[in-house]
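Enquirer: Contents are PDB, N, CA and C atoms; file name my_file34.pdb:
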```
ATOM      1  N   MET A   1      -1.447  27.706  -6.640
ATOM      2  CA  MET A   1      -0.628  27.202  -5.538
ATOM      3  C   MET A   1      -1.362  26.092  -4.790
ATOM      4  N   SER A   2      -2.665  26.176  -4.749
ATOM      5  CA  SER A   2      -3.465  25.179  -4.058
ATOM      6  C   SER A   2      -3.296  23.801  -4.687
ATOM      7  N   GLU A   3      -3.136  23.765  -6.028
ATOM      8  CA  GLU A   3      -2.969  22.482  -6.709
ATOM      9  C   GLU A   3      -1.675  21.801  -6.256
ATOM     10  N   VAL A   4      -0.630  22.587  -6.035
ATOM     11  CA  VAL A   4       0.646  22.010  -5.621
ATOM     12  C   VAL A   4       0.522  21.485  -4.191
ATOM     13  N   PHE A   5      -0.164  22.224  -3.321
ATOM     14  CA  PHE A   5      -0.376  21.722  -1.958
ATOM     15  C   PHE A   5      -1.206  20.447  -1.987
ATOM     16  N   ASP A   6      -2.231  20.399  -2.822
ATOM     17  CA  ASP A   6      -3.055  19.192  -2.935
ATOM     18  C   ASP A   6      -2.206  17.998  -3.372
ATOM     19  N   ALA A   7      -1.292  18.230  -4.306
ATOM     20  CA  ALA A   7      -0.388  17.163  -4.753
ATOM     21  C   ALA A   7       0.555  16.762  -3.622
ATOM     22  N   PHE A   8       1.046  17.753  -2.857
ATOM     23  CA  PHE A   8       1.892  17.481  -1.692
ATOM     24  C   PHE A   8       1.132  16.611  -0.696
ATOM     25  N   TRP A   9      -0.096  16.994  -0.403
ATOM     26  CA  TRP A   9      -0.906  16.271   0.579
ATOM     27  C   TRP A   9      -1.136  14.825   0.119
ATOM     28  N   ALA A  10      -1.385  14.642  -1.158
ATOM     29  CA  ALA A  10      -1.604  13.296  -1.692
ATOM     30  C   ALA A  10      -0.319  12.468  -1.655
ATOM     31  N   ALA A  11       0.833  13.116  -1.852
ATOM     32  CA  ALA A  11       2.108  12.403  -1.893
ATOM     33  C   ALA A  11       2.642  12.081  -0.503
ATOM     34  N   TYR A  12       2.291  12.904   0.493
ATOM     35  CA  TYR A  12       2.842  12.723   1.835
ATOM     36  C   TYR A  12       2.387  11.373   2.397
ATOM     37  N   PRO A  13       3.295  10.592   2.976
ATOM     38  CA  PRO A  13       2.921   9.266   3.481
ATOM     39  C   PRO A  13       1.825   9.351   4.552
ATOM     40  N   LYS A  14       0.896   8.425   4.464
ATOM     41  CA  LYS A  14      -0.179   8.364   5.457
ATOM     42  C   LYS A  14       0.393   7.853   6.773
ATOM     43  N   ARG A  15      -0.231   8.281   7.856
ATOM     44  CA  ARG A  15       0.234   7.871   9.178
ATOM     45  C   ARG A  15      -0.949   7.442  10.017
ATOM     46  N   ARG A  16      -0.666   6.641  11.015
ATOM     47  CA  ARG A  16      -1.691   6.281  11.989
ATOM     48  C   ARG A  16      -1.746   7.417  13.006
ATOM     49  N   GLY A  17      -2.920   7.871  13.333
ATOM     50  CA  GLY A  17      -3.072   8.978  14.265
ATOM     51  C   GLY A  17      -3.365  10.269  13.519
ATOM     52  N   ALA A  18      -3.377  11.329  14.263
ATOM     53  CA  ALA A  18      -3.748  12.636  13.715
ATOM     54  C   ALA A  18      -2.725  13.134  12.695
ATOM     55  N   ASN A  19      -3.248  13.795  11.696
ATOM     56  CA  ASN A  19      -2.422  14.487  10.705
ATOM     57  C   ASN A  19      -3.308  15.567  10.084
ATOM     58  N   PRO A  20      -3.632  16.589  10.876
ATOM     59  CA  PRO A  20      -4.587  17.593  10.404
ATOM     60  C   PRO A  20      -4.074  18.387   9.210
ATOM     61  N   ARG A  21      -4.964  18.537   8.241
ATOM     62  CA  ARG A  21      -4.608  19.219   6.999
ATOM     63  C   ARG A  21      -4.465  20.737   7.178
ATOM     64  N   ALA A  22      -5.363  21.369   7.921
ATOM     65  CA  ALA A  22      -5.344  22.835   8.043
ATOM     66  C   ALA A  22      -4.029  23.360   8.626
ATOM     67  N   PRO A  23      -3.517  22.791   9.726
ATOM     68  CA  PRO A  23      -2.219  23.274  10.221
ATOM     69  C   PRO A  23      -1.086  22.989   9.241
ATOM     70  N   ALA A  24      -1.169  21.885   8.506
ATOM     71  CA  ALA A  24      -0.144  21.591   7.499
ATOM     72  C   ALA A  24      -0.165  22.659   6.417
ATOM     73  N   ARG A  25      -1.357  23.078   6.017
ATOM     74  CA  ARG A  25      -1.470  24.130   4.994
ATOM     75  C   ARG A  25      -0.895  25.449   5.517
ATOM     76  N   THR A  26      -1.135  25.749   6.792
ATOM     77  CA  THR A  26      -0.580  26.965   7.388
ATOM     78  C   THR A  26       0.950  26.923   7.361
ATOM     79  N   SER A  27       1.523  25.784   7.714
ATOM     80  CA  SER A  27       2.984  25.641   7.675
ATOM     81  C   SER A  27       3.505  25.740   6.246
ATOM     82  N   TRP A  28       2.758  25.157   5.310
ATOM     83  CA  TRP A  28       3.101  25.232   3.887
ATOM     84  C   TRP A  28       3.163  26.697   3.449
ATOM     85  N   ASP A  29       2.104  27.438   3.747
ATOM     86  CA  ASP A  29       2.044  28.854   3.358
ATOM     87  C   ASP A  29       3.183  29.649   3.983
ATOM     88  N   ARG A  30       3.500  29.359   5.233
ATOM     89  CA  ARG A  30       4.581  30.055   5.929
ATOM     90  C   ARG A  30       5.923  29.762   5.253
ATOM     91  N   ALA A  31       6.146  28.495   4.884
ATOM     92  CA  ALA A  31       7.403  28.128   4.218
ATOM     93  C   ALA A  31       7.531  28.813   2.861
ATOM     94  N   ILE A  32       6.426  28.892   2.124
ATOM     95  CA  ILE A  32       6.446  29.561   0.817
ATOM     96  C   ILE A  32       6.759  31.043   0.998
ATOM     97  N   LYS A  33       6.131  31.644   1.997
ATOM     98  CA  LYS A  33       6.352  33.077   2.261
ATOM     99  C   LYS A  33       7.820  33.353   2.598
ATOM    100  N   LYS A  34       8.473  32.382   3.248
ATOM    101  CA  LYS A  34       9.888  32.542   3.604
ATOM    102  C   LYS A  34      10.821  32.223   2.447
ATOM    103  N   GLY A  35      10.263  31.787   1.301
ATOM    104  CA  GLY A  35      11.093  31.585   0.126
ATOM    105  C   GLY A  35      11.238  30.151  -0.353
ATOM    106  N   ALA A  36      10.591  29.208   0.311
ATOM    107  CA  ALA A  36      10.681  27.813  -0.143
ATOM    108  C   ALA A  36       9.949  27.651  -1.470
ATOM    109  N   SER A  37      10.445  26.786  -2.296
ATOM    110  CA  SER A  37       9.823  26.501  -3.581
ATOM    111  C   SER A  37       8.718  25.457  -3.391
ATOM    112  N   PRO A  38       7.499  25.730  -3.871
ATOM    113  CA  PRO A  38       6.429  24.731  -3.751
ATOM    114  C   PRO A  38       6.804  23.407  -4.415
ATOM    115  N   GLU A  39       7.473  23.490  -5.543
ATOM    116  CA  GLU A  39       7.879  22.270  -6.243
ATOM    117  C   GLU A  39       8.917  21.488  -5.436
ATOM    118  N   ALA A  40       9.807  22.200  -4.744
ATOM    119  CA  ALA A  40      10.810  21.529  -3.915
ATOM    120  C   ALA A  40      10.137  20.830  -2.731
ATOM    121  N   LEU A  41       9.143  21.467  -2.137
ATOM    122  CA  LEU A  41       8.412  20.836  -1.033
ATOM    123  C   LEU A  41       7.665  19.597  -1.509
ATOM    124  N   LEU A  42       7.052  19.696  -2.675
ATOM    125  CA  LEU A  42       6.349  18.549  -3.249
ATOM    126  C   LEU A  42       7.317  17.409  -3.517
ATOM    127  N   GLU A  43       8.454  17.713  -4.121
ATOM    128  CA  GLU A  43       9.441  16.664  -4.409
ATOM    129  C   GLU A  43       9.983  16.061  -3.116
ATOM    130  N   ALA A  44      10.145  16.869  -2.075
ATOM    131  CA  ALA A  44      10.615  16.349  -0.786
ATOM    132  C   ALA A  44       9.607  15.355  -0.209
ATOM    133  N   ALA A  45       8.326  15.649  -0.320
ATOM    134  CA  ALA A  45       7.295  14.729   0.165
ATOM    135  C   ALA A  45       7.333  13.428  -0.638
ATOM    136  N   ARG A  46       7.492  13.537  -1.932
ATOM    137  CA  ARG A  46       7.571  12.339  -2.777
ATOM    138  C   ARG A  46       8.800  11.495  -2.438
ATOM    139  N   ALA A  47       9.928  12.165  -2.228
ATOM    140  CA  ALA A  47      11.158  11.449  -1.877
ATOM    141  C   ALA A  47      11.010  10.769  -0.517
ATOM    142  N   TYR A  48      10.396  11.460   0.424
ATOM    143  CA  TYR A  48      10.176  10.884   1.751
ATOM    144  C   TYR A  48       9.279   9.648   1.656
ATOM    145  N   ALA A  49       8.253   9.718   0.820
ATOM    146  CA  ALA A  49       7.347   8.586   0.651
ATOM    147  C   ALA A  49       8.063   7.397   0.004
ATOM    148  N   ARG A  50       9.026   7.664  -0.881
ATOM    149  CA  ARG A  50       9.771   6.590  -1.560
ATOM    150  C   ARG A  50      10.849   5.971  -0.677
ATOM    151  N   ASP A  51      11.286   6.691   0.338
ATOM    152  CA  ASP A  51      12.372   6.224   1.197
ATOM    153  C   ASP A  51      11.949   4.932   1.911
ATOM    154  N   PRO A  52      12.724   3.857   1.742
ATOM    155  CA  PRO A  52      12.344   2.586   2.362
ATOM    156  C   PRO A  52      12.329   2.629   3.895
ATOM    157  N   SER A  53      13.003   3.587   4.494
ATOM    158  CA  SER A  53      13.006   3.661   5.961
ATOM    159  C   SER A  53      11.780   4.392   6.506
ATOM    160  N   THR A  54      10.974   4.996   5.628
ATOM    161  CA  THR A  54       9.743   5.650   6.059
ATOM    162  C   THR A  54       8.758   4.576   6.485
ATOM    163  N   LYS A  55       8.249   4.698   7.673
ATOM    164  CA  LYS A  55       7.336   3.699   8.207
ATOM    165  C   LYS A  55       5.894   4.128   7.944
ATOM    166  N   ALA A  56       5.542   4.217   6.654
ATOM    167  CA  ALA A  56       4.206   4.669   6.267
ATOM    168  C   ALA A  56       3.142   3.817   6.942
ATOM    169  N   GLY A  57       2.071   4.490   7.354
ATOM    170  CA  GLY A  57       0.966   3.802   7.995
ATOM    171  C   GLY A  57       1.144   3.602   9.487
ATOM    172  N   THR A  58       2.236   4.117  10.033
ATOM    173  CA  THR A  58       2.473   3.988  11.474
ATOM    174  C   THR A  58       2.464   5.366  12.121
ATOM    175  N   GLU A  59       2.488   5.362  13.436
ATOM    176  CA  GLU A  59       2.546   6.625  14.170
ATOM    177  C   GLU A  59       3.927   7.268  14.107
ATOM    178  N   PHE A  60       4.886   6.595  13.486
ATOM    179  CA  PHE A  60       6.257   7.110  13.408
ATOM    180  C   PHE A  60       6.475   8.056  12.222
ATOM    181  N   VAL A  61       5.484   8.206  11.378
ATOM    182  CA  VAL A  61       5.555   9.203  10.297
ATOM    183  C   VAL A  61       5.214  10.552  10.919
ATOM    184  N   PRO A  62       6.096  11.534  10.814
ATOM    185  CA  PRO A  62       5.782  12.844  11.385
ATOM    186  C   PRO A  62       4.542  13.468  10.740
ATOM    187  N   MET A  63       3.835  14.252  11.505
ATOM    188  CA  MET A  63       2.699  14.968  10.937
ATOM    189  C   MET A  63       3.214  15.929   9.858
ATOM    190  N   ALA A  64       2.434  16.135   8.837
ATOM    191  CA  ALA A  64       2.843  17.008   7.728
ATOM    192  C   ALA A  64       3.085  18.436   8.201
ATOM    193  N   VAL A  65       2.474  18.843   9.278
ATOM    194  CA  VAL A  65       2.657  20.202   9.789
ATOM    195  C   VAL A  65       4.126  20.464  10.155
ATOM    196  N   THR A  66       4.867  19.405  10.484
ATOM    197  CA  THR A  66       6.261  19.586  10.880
ATOM    198  C   THR A  66       7.160  19.621   9.664
TER     199      THR A  66
END
```
Show me, as structure tokens, the structure contained in the file I just sent.
Expert:
Amino acid sequence: MSEVFDAFWAAYPKRRGANPRAPARTSWDRAIKKGASPEALLEAARAYARDPSTKAGTEFVPMAVT
């Protein structure tokens, strides 16, 4: 499962400002426990990164914890 989170973290768009990994991992684990598919979360991060309206590299990218 850690490999999928690592891929998620690599795929998630970078942002200016804080984006702590540990709280994001906690939220990831909580979502999985509630029934979310790790592959679906990974694909969602990839789709978000591909979206032209995503302002990667700015403070307008939400932290991965959310």
Enquirer: Would you mind writing down, as a VMD selection string, each residue of chain A that DSSP on the backbone assigns to helix (DSSP H, G or I)?
Expert: chain A and resid 2 to 11 21 to 33 38 to 50
Enquirer: Please write as JSON, numbers by chain the full residue list that the PyMOL selection byres ((chain A and resi 57) around 7) yields on this file.
Expert: {"A": [13, 14, 15, 16, 54, 55, 56, 58, 59, 60, 61]}
Enquirer: Quick one: residues within 7 Å of Val65 (chain A), only N, CA and C atoms counted, chain neighbours fewer than 4 positions away excluded, as a PyMOL selection string?
Expert: chain A and resi 19-20+23-25+27-28
Enquirer: At a cut-off of 12 Å, using only C-alpha atoms, what residues contact Glu3 (chain A)? Leave out same-chain residues fewer than 5 positions from it and give the result as a short mmCIF file (atom, residue, chain, number, x, y, z; two decimals) with N, CA and C atoms, in the coordinates of the input.
Expert:
```cif
data_model
loop_
_atom_site.label_atom_id
_atom_site.label_comp_id
_atom_site.auth_asym_id
_atom_site.auth_seq_id
_atom_site.Cartn_x
_atom_site.Cartn_y
_atom_site.Cartn_z
N PHE A 8 1.05 17.75 -2.86
CA PHE A 8 1.89 17.48 -1.69
C PHE A 8 1.13 16.61 -0.70
N TRP A 9 -0.10 16.99 -0.40
CA TRP A 9 -0.91 16.27 0.58
C TRP A 9 -1.14 14.82 0.12
N ALA A 10 -1.38 14.64 -1.16
CA ALA A 10 -1.60 13.30 -1.69
C ALA A 10 -0.32 12.47 -1.66
N ARG A 25 -1.36 23.08 6.02
CA ARG A 25 -1.47 24.13 4.99
C ARG A 25 -0.90 25.45 5.52
N PRO A 38 7.50 25.73 -3.87
CA PRO A 38 6.43 24.73 -3.75
C PRO A 38 6.80 23.41 -4.42
N GLU A 39 7.47 23.49 -5.54
CA GLU A 39 7.88 22.27 -6.24
C GLU A 39 8.92 21.49 -5.44
N LEU A 42 7.05 19.70 -2.68
CA LEU A 42 6.35 18.55 -3.25
C LEU A 42 7.32 17.41 -3.52
#
```
Enquirer: Could you check how far CA of Ala11 (chain A) sits from atom C of Met63 (chain A), in Å to one decimal?
Expert: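 These atoms are spaced 12.3 Å apart.
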Enquirer: Once 5 Å is added on each side, what are the centre and the three edge lengths, in Å to one decimal, of the axis-aligned box enclosing the listed atoms of region 22-32 of chain A? Present them as JSON.
Expert:
```
{"center_x": 1.1, "center_y": 26.2, "center_z": 5.5, "size_x": 22.9, "size_y": 19.7, "size_z": 19.4}
```
Enquirer: Between CA of Pro52 (chain A) and atom C of Ile32 (chain A), what distance in Å does the model show, to one decimal?
Expert: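 A separation of 29.0 Å between them.
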Enquirer: So how many Å separate CA of Pro62 (chain A) and CA of Ala36 (chain A), to one decimal?
Expert: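 If I compute the distance from CA of Pro62 (chain A) to CA of Ala36 (chain A), I get 19.5 Å.
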Enquirer: I need region 49-62 of chain A from the structure I supplied, saved as a PDB file, in the first residue's frame with all heavy atoms retained.
Expert:
```
ATOM      1  N   ALA A  49      -3.709  16.640 -11.591  1.00  0.00           N
ATOM      2  CA  ALA A  49      -2.463  17.206 -12.098  1.00  0.00           C
ATOM      3  C   ALA A  49      -2.568  17.526 -13.591  1.00  0.00           C
ATOM      4  O   ALA A  49      -1.969  18.495 -14.067  1.00  0.00           O
ATOM      5  CB  ALA A  49      -1.303  16.252 -11.839  1.00  0.00           C
ATOM      6  N   ARG A  50      -3.332  16.729 -14.341  1.00  0.00           N
ATOM      7  CA  ARG A  50      -3.495  16.952 -15.787  1.00  0.00           C
ATOM      8  C   ARG A  50      -4.476  18.075 -16.105  1.00  0.00           C
ATOM      9  O   ARG A  50      -4.446  18.631 -17.205  1.00  0.00           O
ATOM     10  CB  ARG A  50      -3.991  15.680 -16.470  1.00  0.00           C
ATOM     11  CG  ARG A  50      -2.971  14.596 -16.602  1.00  0.00           C
ATOM     12  CD  ARG A  50      -3.482  13.461 -17.506  1.00  0.00           C
ATOM     13  NE  ARG A  50      -4.762  12.918 -17.095  1.00  0.00           N
ATOM     14  CZ  ARG A  50      -4.917  11.840 -16.317  1.00  0.00           C
ATOM     15  NH1 ARG A  50      -3.868  11.190 -15.866  1.00  0.00           N
ATOM     16  NH2 ARG A  50      -6.117  11.403 -16.009  1.00  0.00           N
ATOM     17  N   ASP A  51      -5.351  18.395 -15.171  1.00  0.00           N
ATOM     18  CA  ASP A  51      -6.384  19.402 -15.403  1.00  0.00           C
ATOM     19  C   ASP A  51      -5.730  20.764 -15.673  1.00  0.00           C
ATOM     20  O   ASP A  51      -4.951  21.248 -14.863  1.00  0.00           O
ATOM     21  CB  ASP A  51      -7.285  19.505 -14.173  1.00  0.00           C
ATOM     22  CG  ASP A  51      -8.465  20.436 -14.369  1.00  0.00           C
ATOM     23  OD1 ASP A  51      -8.432  21.301 -15.265  1.00  0.00           O
ATOM     24  OD2 ASP A  51      -9.426  20.317 -13.597  1.00  0.00           O
ATOM     25  N   PRO A  52      -6.038  21.374 -16.821  1.00  0.00           N
ATOM     26  CA  PRO A  52      -5.407  22.655 -17.152  1.00  0.00           C
ATOM     27  C   PRO A  52      -5.762  23.785 -16.180  1.00  0.00           C
ATOM     28  O   PRO A  52      -5.050  24.768 -16.097  1.00  0.00           O
ATOM     29  CB  PRO A  52      -5.908  22.961 -18.562  1.00  0.00           C
ATOM     30  CG  PRO A  52      -6.979  21.997 -18.856  1.00  0.00           C
ATOM     31  CD  PRO A  52      -6.916  20.883 -17.859  1.00  0.00           C
ATOM     32  N   SER A  53      -6.838  23.647 -15.434  1.00  0.00           N
ATOM     33  CA  SER A  53      -7.204  24.709 -14.488  1.00  0.00           C
ATOM     34  C   SER A  53      -6.456  24.585 -13.162  1.00  0.00           C
ATOM     35  O   SER A  53      -6.532  25.484 -12.329  1.00  0.00           O
ATOM     36  CB  SER A  53      -8.716  24.703 -14.237  1.00  0.00           C
ATOM     37  OG  SER A  53      -9.097  23.538 -13.529  1.00  0.00           O
ATOM     38  N   THR A  54      -5.719  23.488 -12.962  1.00  0.00           N
ATOM     39  CA  THR A  54      -4.914  23.328 -11.755  1.00  0.00           C
ATOM     40  C   THR A  54      -3.753  24.303 -11.827  1.00  0.00           C
ATOM     41  O   THR A  54      -3.022  24.342 -12.797  1.00  0.00           O
ATOM     42  CB  THR A  54      -4.368  21.889 -11.644  1.00  0.00           C
ATOM     43  OG1 THR A  54      -5.471  21.002 -11.594  1.00  0.00           O
ATOM     44  CG2 THR A  54      -3.522  21.703 -10.404  1.00  0.00           C
ATOM     45  N   LYS A  55      -3.604  25.097 -10.811  1.00  0.00           N
ATOM     46  CA  LYS A  55      -2.558  26.109 -10.794  1.00  0.00           C
ATOM     47  C   LYS A  55      -1.324  25.562 -10.080  1.00  0.00           C
ATOM     48  O   LYS A  55      -0.919  26.059  -9.034  1.00  0.00           O
ATOM     49  CB  LYS A  55      -3.075  27.370 -10.135  1.00  0.00           C
ATOM     50  CG  LYS A  55      -4.193  28.028 -10.924  1.00  0.00           C
ATOM     51  CD  LYS A  55      -4.776  29.207 -10.182  1.00  0.00           C
ATOM     52  CE  LYS A  55      -5.783  29.982 -10.977  1.00  0.00           C
ATOM     53  NZ  LYS A  55      -6.890  29.262 -11.498  1.00  0.00           N
ATOM     54  N   ALA A  56      -0.734  24.510 -10.665  1.00  0.00           N
ATOM     55  CA  ALA A  56       0.423  23.858 -10.055  1.00  0.00           C
ATOM     56  C   ALA A  56       1.525  24.873  -9.790  1.00  0.00           C
ATOM     57  O   ALA A  56       1.752  25.789 -10.574  1.00  0.00           O
ATOM     58  CB  ALA A  56       0.940  22.745 -10.957  1.00  0.00           C
ATOM     59  N   GLY A  57       2.181  24.694  -8.647  1.00  0.00           N
ATOM     60  CA  GLY A  57       3.274  25.575  -8.276  1.00  0.00           C
ATOM     61  C   GLY A  57       2.834  26.842  -7.571  1.00  0.00           C
ATOM     62  O   GLY A  57       3.658  27.690  -7.252  1.00  0.00           O
ATOM     63  N   THR A  58       1.537  26.972  -7.329  1.00  0.00           N
ATOM     64  CA  THR A  58       1.031  28.159  -6.631  1.00  0.00           C
ATOM     65  C   THR A  58       0.427  27.749  -5.295  1.00  0.00           C
ATOM     66  O   THR A  58       0.240  26.570  -5.013  1.00  0.00           O
ATOM     67  CB  THR A  58      -0.068  28.878  -7.452  1.00  0.00           C
ATOM     68  OG1 THR A  58      -1.257  28.070  -7.447  1.00  0.00           O
ATOM     69  CG2 THR A  58       0.375  29.145  -8.874  1.00  0.00           C
ATOM     70  N   GLU A  59       0.103  28.747  -4.504  1.00  0.00           N
ATOM     71  CA  GLU A  59      -0.544  28.482  -3.219  1.00  0.00           C
ATOM     72  C   GLU A  59      -2.006  28.082  -3.380  1.00  0.00           C
ATOM     73  O   GLU A  59      -2.665  27.736  -2.400  1.00  0.00           O
ATOM     74  CB  GLU A  59      -0.414  29.697  -2.291  1.00  0.00           C
ATOM     75  CG  GLU A  59      -1.168  30.911  -2.752  1.00  0.00           C
ATOM     76  CD  GLU A  59      -0.404  31.806  -3.747  1.00  0.00           C
ATOM     77  OE1 GLU A  59       0.642  31.402  -4.278  1.00  0.00           O
ATOM     78  OE2 GLU A  59      -0.885  32.922  -3.986  1.00  0.00           O
ATOM     79  N   PHE A  60      -2.513  28.097  -4.605  1.00  0.00           N
ATOM     80  CA  PHE A  60      -3.920  27.768  -4.858  1.00  0.00           C
ATOM     81  C   PHE A  60      -4.162  26.265  -5.028  1.00  0.00           C
ATOM     82  O   PHE A  60      -5.313  25.843  -5.155  1.00  0.00           O
ATOM     83  CB  PHE A  60      -4.439  28.548  -6.069  1.00  0.00           C
ATOM     84  CG  PHE A  60      -4.351  30.023  -5.872  1.00  0.00           C
ATOM     85  CD1 PHE A  60      -3.437  30.765  -6.580  1.00  0.00           C
ATOM     86  CD2 PHE A  60      -5.145  30.664  -4.932  1.00  0.00           C
ATOM     87  CE1 PHE A  60      -3.327  32.134  -6.387  1.00  0.00           C
ATOM     88  CE2 PHE A  60      -5.041  32.016  -4.719  1.00  0.00           C
ATOM     89  CZ  PHE A  60      -4.125  32.758  -5.445  1.00  0.00           C
ATOM     90  N   VAL A  61      -3.112  25.481  -5.041  1.00  0.00           N
ATOM     91  CA  VAL A  61      -3.262  24.016  -5.054  1.00  0.00           C
ATOM     92  C   VAL A  61      -3.547  23.591  -3.618  1.00  0.00           C
ATOM     93  O   VAL A  61      -2.767  23.898  -2.723  1.00  0.00           O
ATOM     94  CB  VAL A  61      -1.992  23.323  -5.583  1.00  0.00           C
ATOM     95  CG1 VAL A  61      -2.090  21.818  -5.444  1.00  0.00           C
ATOM     96  CG2 VAL A  61      -1.716  23.704  -7.022  1.00  0.00           C
ATOM     97  N   PRO A  62      -4.659  22.914  -3.371  1.00  0.00           N
ATOM     98  CA  PRO A  62      -4.943  22.476  -2.005  1.00  0.00           C
ATOM     99  C   PRO A  62      -3.871  21.522  -1.473  1.00  0.00           C
ATOM    100  O   PRO A  62      -3.253  20.783  -2.245  1.00  0.00           O
ATOM    101  CB  PRO A  62      -6.272  21.738  -2.117  1.00  0.00           C
ATOM    102  CG  PRO A  62      -6.848  22.130  -3.425  1.00  0.00           C
ATOM    103  CD  PRO A  62      -5.702  22.489  -4.304  1.00  0.00           C
TER     104      PRO A  62
END
```
